[in-house]
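K.L.:
Pasting start-v6.tsv here (TSV, C-alpha atoms):
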```
chain	number	residue	atom	x	y	z
A	1	MET	CA	6.51	-4.96	-88.85
A	2	ALA	CA	5.43	-1.50	-88.08
A	3	VAL	CA	3.93	-2.66	-84.80
A	4	LYS	CA	7.20	-4.25	-83.75
A	5	ASP	CA	9.18	-1.14	-84.58
A	6	ARG	CA	6.71	0.96	-82.78
A	7	ASP	CA	6.90	-1.31	-79.65
A	8	ARG	CA	10.66	-1.24	-79.80
A	9	PHE	CA	10.83	2.54	-79.58
A	10	SER	CA	7.92	3.08	-77.23
A	11	THR	CA	8.45	4.56	-73.78
A	12	ALA	CA	6.98	1.57	-72.04
A	13	THR	CA	9.39	-0.76	-73.78
A	14	ARG	CA	12.35	1.46	-72.98
A	15	LEU	CA	11.35	1.66	-69.32
A	16	ARG	CA	10.92	-2.09	-69.14
A	17	LEU	CA	14.41	-2.63	-70.63
A	18	LEU	CA	15.92	-0.10	-68.27
A	19	GLY	CA	14.23	-1.85	-65.33
A	20	GLU	CA	15.55	-5.23	-66.40
A	21	GLN	CA	19.09	-3.88	-66.80
A	22	THR	CA	18.94	-2.17	-63.43
A	23	ALA	CA	17.59	-5.31	-61.80
A	24	ALA	CA	20.44	-7.32	-63.32
A	25	ARG	CA	23.01	-4.82	-62.01
A	26	VAL	CA	21.48	-4.87	-58.51
A	27	TYR	CA	21.41	-8.65	-58.51
A	28	ARG	CA	25.10	-8.79	-59.54
A	29	SER	CA	26.13	-6.29	-56.85
A	30	GLN	CA	24.18	-8.20	-54.19
A	31	ASN	CA	25.92	-11.40	-55.21
A	32	ARG	CA	29.30	-9.67	-54.91
A	33	ARG	CA	28.44	-8.29	-51.46
A	34	GLN	CA	27.24	-11.70	-50.32
A	35	ALA	CA	30.47	-13.23	-51.54
A	36	HIS	CA	32.40	-10.75	-49.40
A	37	ARG	CA	30.06	-11.18	-46.44
A	38	SER	CA	30.05	-14.94	-46.54
A	39	ARG	CA	33.59	-15.14	-45.12
A	40	LEU	CA	32.32	-14.60	-41.57
A	41	THR	CA	29.45	-16.97	-41.09
A	42	GLY	CA	27.30	-17.37	-38.04
A	43	ARG	CA	29.22	-20.48	-37.03
A	44	ALA	CA	32.52	-18.64	-37.18
A	45	ALA	CA	31.12	-15.82	-35.07
A	46	LEU	CA	29.81	-18.32	-32.52
A	47	LEU	CA	33.18	-20.07	-32.45
A	48	ALA	CA	34.96	-16.75	-31.89
A	49	LEU	CA	32.55	-15.91	-29.08
A	50	VAL	CA	33.12	-19.29	-27.40
A	51	LEU	CA	36.91	-18.91	-27.67
A	52	CYS	CA	36.81	-15.41	-26.19
A	53	SER	CA	34.63	-16.56	-23.31
A	54	LEU	CA	37.02	-19.48	-22.63
A	55	ILE	CA	39.99	-17.13	-22.58
A	56	VAL	CA	38.22	-14.80	-20.18
A	57	ALA	CA	37.09	-17.69	-17.98
A	58	LEU	CA	40.59	-19.21	-17.80
A	59	ALA	CA	42.56	-15.99	-17.34
A	60	TYR	CA	42.03	-15.65	-13.57
A	61	PRO	CA	42.79	-19.30	-12.71
A	62	MET	CA	45.94	-19.18	-14.82
A	63	ARG	CA	47.08	-16.02	-13.06
A	64	GLN	CA	46.45	-17.68	-9.70
A	65	TYR	CA	48.35	-20.78	-10.79
A	66	VAL	CA	51.38	-18.76	-11.88
A	67	SER	CA	51.43	-16.69	-8.69
A	68	GLN	CA	51.09	-19.80	-6.53
A	69	ARG	CA	53.97	-21.47	-8.36
A	70	ALA	CA	56.09	-18.39	-7.67
A	71	ASP	CA	55.09	-18.53	-3.98
A	72	ILE	CA	56.01	-22.21	-3.83
A	73	ALA	CA	59.42	-21.52	-5.34
A	74	ASP	CA	59.99	-18.72	-2.84
A	75	LEU	CA	59.01	-20.92	0.10
A	76	GLU	CA	61.30	-23.71	-1.12
A	77	ARG	CA	64.17	-21.23	-1.28
A	78	GLN	CA	63.42	-20.05	2.27
A	79	GLN	CA	63.24	-23.66	3.45
A	80	GLU	CA	66.66	-24.38	1.96
A	81	GLN	CA	68.11	-21.32	3.71
A	82	ALA	CA	66.57	-22.47	7.01
A	83	ARG	CA	68.10	-25.93	6.55
A	84	ARG	CA	71.54	-24.40	5.98
A	85	ARG	CA	71.13	-22.19	9.07
A	86	VAL	CA	70.08	-25.20	11.21
A	87	GLU	CA	73.14	-27.09	9.98
A	88	GLN	CA	75.41	-24.16	10.90
A	89	LEU	CA	73.87	-23.95	14.37
A	90	ARG	CA	74.32	-27.72	14.89
A	91	ASP	CA	77.99	-27.36	13.95
A	92	LEU	CA	78.37	-24.46	16.37
A	93	LYS	CA	76.67	-26.43	19.14
A	94	ALA	CA	79.01	-29.36	18.51
A	95	ARG	CA	82.03	-27.01	18.71
A	96	TRP	CA	80.85	-25.58	22.03
A	97	GLN	CA	80.70	-29.13	23.42
A	98	ASP	CA	84.51	-29.26	23.00
A	99	ASP	CA	86.26	-27.90	26.12
A	100	ALA	CA	89.25	-26.53	24.20
A	101	TYR	CA	86.97	-24.43	21.93
A	102	ALA	CA	84.98	-23.15	24.93
A	103	GLU	CA	88.19	-22.19	26.75
A	104	GLN	CA	89.50	-20.39	23.67
A	105	GLN	CA	86.27	-18.41	23.30
A	106	ILE	CA	86.21	-17.51	27.02
A	107	ARG	CA	89.77	-16.21	26.88
A	108	GLN	CA	89.14	-14.25	23.69
A	109	ARG	CA	85.76	-12.75	24.49
A	110	LEU	CA	85.93	-12.27	28.26
A	111	HIS	CA	89.70	-11.72	28.61
A	112	TYR	CA	90.02	-14.45	31.24
A	113	VAL	CA	93.44	-15.86	32.21
A	114	MET	CA	94.31	-19.20	33.72
A	115	PRO	CA	95.68	-19.35	37.28
A	116	GLY	CA	99.36	-18.58	37.26
A	117	GLU	CA	99.22	-16.55	34.03
A	118	THR	CA	99.69	-12.80	33.98
A	119	GLY	CA	97.16	-10.76	32.06
A	120	TYR	CA	98.17	-7.58	30.34
A	121	VAL	CA	96.05	-4.75	29.06
A	122	VAL	CA	97.69	-2.61	26.41
A	123	ILE	CA	96.49	0.95	26.35
A	124	GLY	CA	97.01	2.83	23.12
A	125	PRO	CA	98.81	6.14	22.86
A	126	ARG	CA	97.14	9.06	24.56
A	127	PRO	CA	94.84	10.94	22.22
A	128	ALA	CA	95.98	14.45	21.36
A	129	GLU	CA	94.23	17.20	23.27
A	130	GLN	CA	91.57	18.99	21.35
A	131	PRO	CA	92.34	22.60	20.62
A	132	ARG	CA	90.28	25.18	22.45
A	133	THR	CA	88.44	26.25	19.34
A	134	ASP	CA	86.21	23.63	17.89
A	135	ARG	CA	86.85	22.85	14.24
A	136	THR	CA	83.14	22.53	13.50
A	137	THR	CA	82.57	26.19	14.29
A	138	SER	CA	83.67	27.17	10.82
A	139	LEU	CA	80.98	24.92	9.37
A	140	ARG	CA	78.18	26.59	11.31
A	141	PRO	CA	76.72	30.04	10.63
A	142	TRP	CA	77.95	32.90	12.84
A	143	TYR	CA	74.78	33.18	14.89
A	144	ALA	CA	74.91	29.47	15.75
A	145	ASN	CA	78.47	29.98	17.01
A	146	ILE	CA	77.27	32.81	19.28
A	147	TRP	CA	74.53	30.66	20.82
A	148	TYR	CA	76.94	27.76	21.20
A	149	GLY	CA	79.37	30.05	23.08
A	150	VAL	CA	76.58	31.33	25.35
A	151	ASP	CA	75.43	27.79	26.13
A	152	THR	CA	78.91	26.45	26.89
A	153	SER	CA	79.91	29.46	29.03
A	154	ASP	CA	76.68	29.19	30.94
A	155	ALA	CA	77.26	25.48	31.60
A	156	SER	CA	80.88	25.96	32.72
A	157	SER	CA	80.11	28.84	35.10
A	158	GLY	CA	77.37	26.89	36.84
A	159	LYS	CA	79.74	24.20	38.13
```
As structure tokens, please, write out the structure in this file.

P.N.:
Amino acid sequence: MAVKDRDRFSTATRLRLLGEQTAARVYRSQNRRQAHRSRLTGRAALLALVLCSLIVALAYPMRQYVSQRADIADLERQQEQARRRVEQLRDLKARWQDDAYAEQQIRQRLHYVMPGETGYVVIGPRPAEQPRTDRTTSLRPWYANIWYGVDTSDASSGK
């Protein structure tokens, strides 16, 4: 029994026990780390990489598709406006084929009168004479008024 007691308290035995305990702790911590690390496996990383590459590869064609759809909608709107304008012009052309409409437009726009009718031109009231001093002179600086007076007196004396 003395040999067993002596082995139990020897330095070599203590070191061996400490080594086993430390190894057990390291093994447990590695298992915990692997449990945390095992969430993202190589397959999951590969799947994420494939999805990202697909998104990048499809981004430009999708942008082109959306912009082309917008262009198509814009062109359809322009086409509809052109159709309406063509319809208006056809209506106008049909109206000009009518002699009564053409005569009405000629009288209104060109001030023509039929033979035997008397045409009158109404002249509005005579505009009031402008006063000798220009009203805009107060808006200009004084030196501009001097040059304006020199220019206008020079032009009137030359006639």

K.L.:
Which centre and edge lengths in Å to one decimal define the box along x, y and z that fits every listed atom of region 8-17 of chain A plus 3 Å per side, as AutoDock Vina command-line options?

P.N.:
```
--center_x 10.7 --center_y 1.0 --center_z -74.5 --size_x 13.4 --size_y 13.2 --size_z 16.7
```

K.L.:
To one decimal in Å, tell me the separation between CA of Arg69 (chain A) and CA of Ala57 (chain A).

P.N.:
19.8 Å

K.L.:
Enter the distance from CA of Val56 (chain A) to CA of Asp71 (chain A), in Å, rounded to one decimal.

P.N.:
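Separation between CA of Val56 (chain A) and CA of Asp71 (chain A): 23.7 Å.
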
K.L.:
Go ahead and compute the interatomic distance for CA of Asp99 (chain A) and CA of Arg85 (chain A), in Å to one decimal.

P.N.:
23.5 Å

K.L.:
Using all atoms listed in the file, which residues sit within 12 Å of region 108-110 of chain A once same-chain residues fewer than 6 positions away are excluded, as a PyMOL selection string?

P.N.:
chain A and resi 101-102+119
